[in-house]
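Colleague: Below: one structure in structure tokens.
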Amino acid sequence: MIFDLIISVFLVIAGIFGLVGSYGLVKLPDLMTRLHAPTKASTLGVGGALLASMGLALKQGSLSWHELLITLFLFLTAPITCNFIAKAWIARNADPAILPPTGTHRTWATLDLTEEPIEPVLTPPGKPGRPS
Amino acid sequence: MRKLLPHPGLTVLLILTWLMLVNEFKWGSLVFGTMLGVILPLLTAPYWPDRPVIRNWPAAIEYVLIVIWDIIKSNITVAMIVLFRPRAGLRPAWITVPVELTSPEAITVLAGTITMTPGTVTADIAADGRALLIHCLDAPDPDAVRDDIKARYEARLKRIFA
């Protein structure tokens, strides 16, 4: 009984936040503000559904790990997708004048068209394939 | 040993992920997971030349808990803005956050954290890696947002990765 209640509460939370995330996509005025709605509000929406799913598995006497994995993959991919969309928007539409200065001696990476490598250098160039 | 297992942490993570995908413990799965855990890091090693070193595990765990708490808060804040704030009342802003972290892994974690937390999204990095470009959904006081990010997340990451 108490278990059913908890699971229902999580499902309702998930539903509300999923709905608000989608509504935010419609309501907010431009791409950069729209980016906020699905990355934030939906995280809790998906999280609530996953907790409910784990609760149900527990109630049926088994332990389910898939939900933890989904959470992990979601947290790894959401910021990267978001960053890609933002960079694409900067590259295609943004007037560089609306962006604040970097405060350093080079401009933002997306706008930087010089031959100098982007720092910090992530990968010292190695040969592709199996390491010898 | 170093040649066979270029990334021991990644190996352990792959074995655990495989066992969790199978969803129950079987010895056969452990063997197959171990094979994956050895082969995948070997094949992908050229793309992972450095090993990120976490120097302070208690601080790392504290950081994860703080970020989870902030994600919950941020969800509620953004939901409230979406539902109850009229469009005209929204004050979006771009801010520059100077970054003192030097390791690429630490900067990546900081950028990801900023995206997942209250009303902020990481949009870009300066070409020399010394500043992040952040978009705020609603920032009446951009300087406060910047100081908050530096004090709350960057200072902790410095202790973890330093």
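Going through the structure tokens in order, the chains are called A, B, and so on, while each chain numbers its residues from 1 and the ligands are numbered from 1 in the order shown.
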Mind checking which residues fall within 9 Å of A:Ala37, counting only C-alpha atoms, ignoring those fewer than 6 positions away in the same chain, and posting them as a ChimeraX atom specification?

Modeller: /A:20-25,28 /B:75,78-79,82,119

Colleague: If DSSP is run on the backbone, what residues of stretch 37-106 of chain B are strand (DSSP E or B)? A reply as a PyMOL selection string would be ideal.

Modeller: chain B and resi 93-98

Colleague: Quick one: write out the picked residues with C-alpha atoms as a compact mmCIF listing (two decimals), in the first residue's frame?

Modeller:
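What follows is the written file selection26.txt:
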# COMPACT_ATOMS: atom_id res chain seq x y z
CA ALA B 93 21.88 37.09 -20.24
CA TRP B 94 25.23 35.94 -21.57
CA ILE B 95 28.03 35.82 -19.03
CA THR B 96 31.73 35.06 -19.16
CA VAL B 97 33.14 32.86 -16.42
CA PRO B 98 36.94 32.92 -16.22

Colleague: Dump as an MDAnalysis selection string the residues of chain A that approach chain B to within 6 Å, counting only C-alpha atoms.

Modeller: chainID A and resid 24 33 40:41 65 79 83 86 106:109 118:120 130

Colleague: So how far away is atom CA of B:Ser29 from atom CA of B:Leu5, in Å?

Modeller: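 According to the coordinates, atom CA of B:Leu5 and atom CA of B:Ser29 are separated by 19.6 Å.
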
Colleague: Where in stretch 47-100 of chain B does DSSP assign helix (DSSP H, G or I), given as a short mmCIF file (atom, residue, chain, number, x, y, z; two decimals) with C-alpha atoms, in the first residue's frame?

Modeller:
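The file below, part36.cif, is the result:
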data_model
loop_
_atom_site.label_atom_id
_atom_site.label_comp_id
_atom_site.auth_asym_id
_atom_site.auth_seq_id
_atom_site.Cartn_x
_atom_site.Cartn_y
_atom_site.Cartn_z
CA TYR B 47 41.66 8.76 -28.02
CA TRP B 57 37.66 10.98 -3.32
CA PRO B 58 35.61 12.31 -0.36
CA ALA B 59 35.48 15.70 -2.08
CA ALA B 60 34.39 14.01 -5.32
CA ILE B 61 31.52 12.21 -3.58
CA GLU B 62 30.51 15.45 -1.85
CA TYR B 63 30.53 17.16 -5.27
CA VAL B 64 28.22 14.52 -6.79
CA LEU B 65 25.73 14.89 -3.94
CA ILE B 66 25.77 18.70 -4.18
CA VAL B 67 25.20 18.53 -7.95
CA ILE B 68 22.27 16.10 -7.58
CA TRP B 69 20.69 18.42 -5.02
CA ASP B 70 21.26 21.43 -7.32
CA ILE B 71 19.72 19.55 -10.27
CA ILE B 72 16.53 19.00 -8.28
CA LYS B 73 16.45 22.67 -7.24
CA SER B 74 17.19 23.78 -10.81
CA ASN B 75 14.34 21.68 -12.20
CA ILE B 76 11.88 23.35 -9.85
CA THR B 77 13.25 26.85 -10.55
CA VAL B 78 13.06 26.40 -14.32
CA ALA B 79 9.59 24.85 -14.09
CA MET B 80 8.40 27.88 -12.09
CA ILE B 81 9.88 30.29 -14.63
CA VAL B 82 8.27 28.41 -17.53
CA LEU B 83 4.87 28.27 -15.86
CA PHE B 84 4.48 31.58 -14.09
CA ARG B 87 7.69 36.35 -21.53
CA ALA B 88 8.45 40.03 -21.05
CA GLY B 89 9.59 39.45 -17.46
#

Colleague: Find the residues around A:Ile85 up to 9 Å (only C-alpha atoms counted), leave out those fewer than 4 positions away in its own chain, and share them as a PyMOL selection string.

Modeller: (chain A and resi 32+35+80-81+89-90) or (chain B and resi 123)

Colleague: Can you measure atom CA of A:Thr104 to atom CA of B:Asp147 for me? One decimal in Å is fine.

Modeller: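 The value is 17.9 Å.
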
Colleague: Excluding stretch 51-59 of chain A and its own-chain neighbours fewer than 3 positions away, which residues fall within 7 Å of it when counting only C-alpha atoms? Please give them as a VMD selection string.

Modeller: chain A and resid 7 10 to 11 47 to 48 62 to 64 67

Colleague: Interatomic distance between atom CA of A:Pro117 and atom CA of B:Leu157?

Modeller: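 Atom CA of A:Pro117 sits 25.0 Å away from atom CA of B:Leu157.
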